[in-house]
Amino acid sequence: MSIVRSITALAVSAITMAAAMAPVSAQQVNSRLYEVTRIGKLRVCQYPLYYSISFRNPASGEIEGIDADLAKELAKDLGVELQIVESSFGTFIADLQADKCDIGMFGIGATMKRGEAVAFTQPYLISGLYAVMREGGPVNNWNDIDQPGRRVAVSLGSYIEPFMREYLKQAELVVVAPPATREAELVANRVDVIMTDFPTAVKVTDEFDWARAVEPEEKLLLTPYAYVVPHGDQIWLNHINLFIDTIKRDGRLAFYAEKNKLGPIIAP
């Protein structure tokens, strides 16, 4: 893990420095921070199918995971009620722009393309690319993936989707749209392998004893995970960055990461 953190430290430093040092315009007088505290309600967009991040427990119906926990902590720190707004990787940008929520909190990969539409906070997690396959199936190692006849699943709207479109030369890319999931496609044997991040690799290997996760020899697509807010509200962005700084210092980030099996991917 120390190698991963050292490799990724430079990759996220620009995002972190920009977020921490961005000045507040002297002309900005309105902010979601003021509106949230005035109304007494924080609207958080979450994707309820993201294991260890924001995953609806089928038994209780409650959303669980690190961002379910940290959304509650943010609302508590603000002294307001928490309202969860269901979203997805394919719709969260539109949901934010349509003012359906004040912030997106569900392990959103900070990419340059997404940064054109929304503002990212500093990162709090970092994950590389993983492949999950069936033990004894046609894919046994990373080199088996990009072969003729292989079916490789990714989630619609995920940051992994455009990467795999470029990466695969021979295998067929299968894009899975909600409410369907990559994991269900693998369980049903409709795909040979799913491309995912650390949290989903944990989910599938936790649930199925036949599932196995592998990484490439050279780590691919190391991506910082952050929260997202609409562009143009530096006061709100600064406040969320302060929240992330605070939970890193006071131990809440580490506590909830370990609770949800995400300790290895905490951002430095």
# chains A, B, ... in the order shown; residues from 1 in each chain; ligands from 1
>>> residues_around(residues="segment 88-90 of chain A", least_positions_apart="4", cutoff="12 Å", atoms="only C-alpha atoms", output="count of residues only")
35
>>> closest_atom_pairs(of="segment 171-228 of chain A", to="segment 244-262 of chain A", cutoff="8 Å", atoms="only C-alpha atoms", output="CSV")
residue,atom,partner,partner_atom,distance
A:Phe198,CA,A:Leu262,CA,7.9
A:Pro199,CA,A:Leu262,CA,7.0
A:Val202,CA,A:Lys261,CA,7.8
>>> select_by_dssp(residues="segment 41-234 of chain A", states="helix (DSSP H, G or I)", output="PyMOL selection string")
chain A and resi 66-78+92-97+112-115+142-144+160-167+182-187+198-207+234
>>> residues_around(residues="Leu74 of chain A", least_positions_apart="4", cutoff="10 Å", atoms="only C-alpha atoms", output="PDB file with N, CA, C and O atoms, in the first residue's frame")
ATOM      1  N   LEU A  42     -29.688  18.928   4.156  1.00  0.00           N
ATOM      2  CA  LEU A  42     -28.606  18.663   3.222  1.00  0.00           C
ATOM      3  C   LEU A  42     -29.050  17.564   2.268  1.00  0.00           C
ATOM      4  O   LEU A  42     -29.330  16.444   2.685  1.00  0.00           O
ATOM      5  N   ASP A  67     -19.644   6.336   2.409  1.00  0.00           N
ATOM      6  CA  ASP A  67     -20.267   7.625   2.131  1.00  0.00           C
ATOM      7  C   ASP A  67     -21.650   7.754   2.743  1.00  0.00           C
ATOM      8  O   ASP A  67     -22.123   8.868   2.972  1.00  0.00           O
ATOM      9  N   ASP A  69     -22.051   6.701   5.768  1.00  0.00           N
ATOM     10  CA  ASP A  69     -21.602   7.141   7.091  1.00  0.00           C
ATOM     11  C   ASP A  69     -21.133   8.593   7.074  1.00  0.00           C
ATOM     12  O   ASP A  69     -21.478   9.394   7.961  1.00  0.00           O
ATOM     13  N   LEU A  70     -20.335   8.951   6.066  1.00  0.00           N
ATOM     14  CA  LEU A  70     -19.758  10.296   6.051  1.00  0.00           C
ATOM     15  C   LEU A  70     -20.785  11.358   5.679  1.00  0.00           C
ATOM     16  O   LEU A  70     -20.656  12.515   6.103  1.00  0.00           O
ATOM     17  N   LEU A  78     -22.925  20.074  10.103  1.00  0.00           N
ATOM     18  CA  LEU A  78     -23.657  21.266   9.669  1.00  0.00           C
ATOM     19  C   LEU A  78     -24.864  21.558  10.550  1.00  0.00           C
ATOM     20  O   LEU A  78     -25.431  22.644  10.474  1.00  0.00           O
ATOM     21  N   GLY A  79     -25.272  20.574  11.352  1.00  0.00           N
ATOM     22  CA  GLY A  79     -26.439  20.746  12.208  1.00  0.00           C
ATOM     23  C   GLY A  79     -27.746  20.724  11.444  1.00  0.00           C
ATOM     24  O   GLY A  79     -28.695  21.434  11.797  1.00  0.00           O
ATOM     25  N   VAL A  80     -27.801  19.876  10.378  1.00  0.00           N
ATOM     26  CA  VAL A  80     -28.990  19.843   9.540  1.00  0.00           C
ATOM     27  C   VAL A  80     -29.457  18.406   9.339  1.00  0.00           C
ATOM     28  O   VAL A  80     -28.753  17.444   9.654  1.00  0.00           O
ATOM     29  N   GLU A  81     -30.644  18.272   8.765  1.00  0.00           N
ATOM     30  CA  GLU A  81     -31.213  16.962   8.422  1.00  0.00           C
ATOM     31  C   GLU A  81     -30.593  16.460   7.127  1.00  0.00           C
ATOM     32  O   GLU A  81     -30.323  17.243   6.198  1.00  0.00           O
ATOM     33  N   LEU A  82     -30.392  15.161   7.029  1.00  0.00           N
ATOM     34  CA  LEU A  82     -29.854  14.551   5.818  1.00  0.00           C
ATOM     35  C   LEU A  82     -30.979  14.007   4.953  1.00  0.00           C
ATOM     36  O   LEU A  82     -31.848  13.273   5.433  1.00  0.00           O
ATOM     37  N   ILE A 240     -16.614  21.985   2.051  1.00  0.00           N
ATOM     38  CA  ILE A 240     -16.529  20.522   1.940  1.00  0.00           C
ATOM     39  C   ILE A 240     -15.078  20.071   2.010  1.00  0.00           C
ATOM     40  O   ILE A 240     -14.762  19.036   2.614  1.00  0.00           O
ATOM     41  N   PHE A 243     -14.221  19.965   5.544  1.00  0.00           N
ATOM     42  CA  PHE A 243     -14.779  18.757   6.146  1.00  0.00           C
ATOM     43  C   PHE A 243     -13.863  17.555   5.903  1.00  0.00           C
ATOM     44  O   PHE A 243     -13.581  16.776   6.826  1.00  0.00           O
ATOM     45  N   ILE A 244     -13.368  17.404   4.669  1.00  0.00           N
ATOM     46  CA  ILE A 244     -12.481  16.277   4.349  1.00  0.00           C
ATOM     47  C   ILE A 244     -11.174  16.391   5.128  1.00  0.00           C
ATOM     48  O   ILE A 244     -10.669  15.402   5.681  1.00  0.00           O
ATOM     49  N   ILE A 247     -11.980  15.291   8.774  1.00  0.00           N
ATOM     50  CA  ILE A 247     -12.167  13.855   9.041  1.00  0.00           C
ATOM     51  C   ILE A 247     -10.875  13.069   8.818  1.00  0.00           C
ATOM     52  O   ILE A 247     -10.705  11.986   9.379  1.00  0.00           O
TER      53      ILE A 247
END
>>> residues_around(residues="Val174 of chain A", least_positions_apart="5", cutoff="8 Å", atoms="only C-alpha atoms", output="PyMOL selection string")
chain A and resi 151-154+191
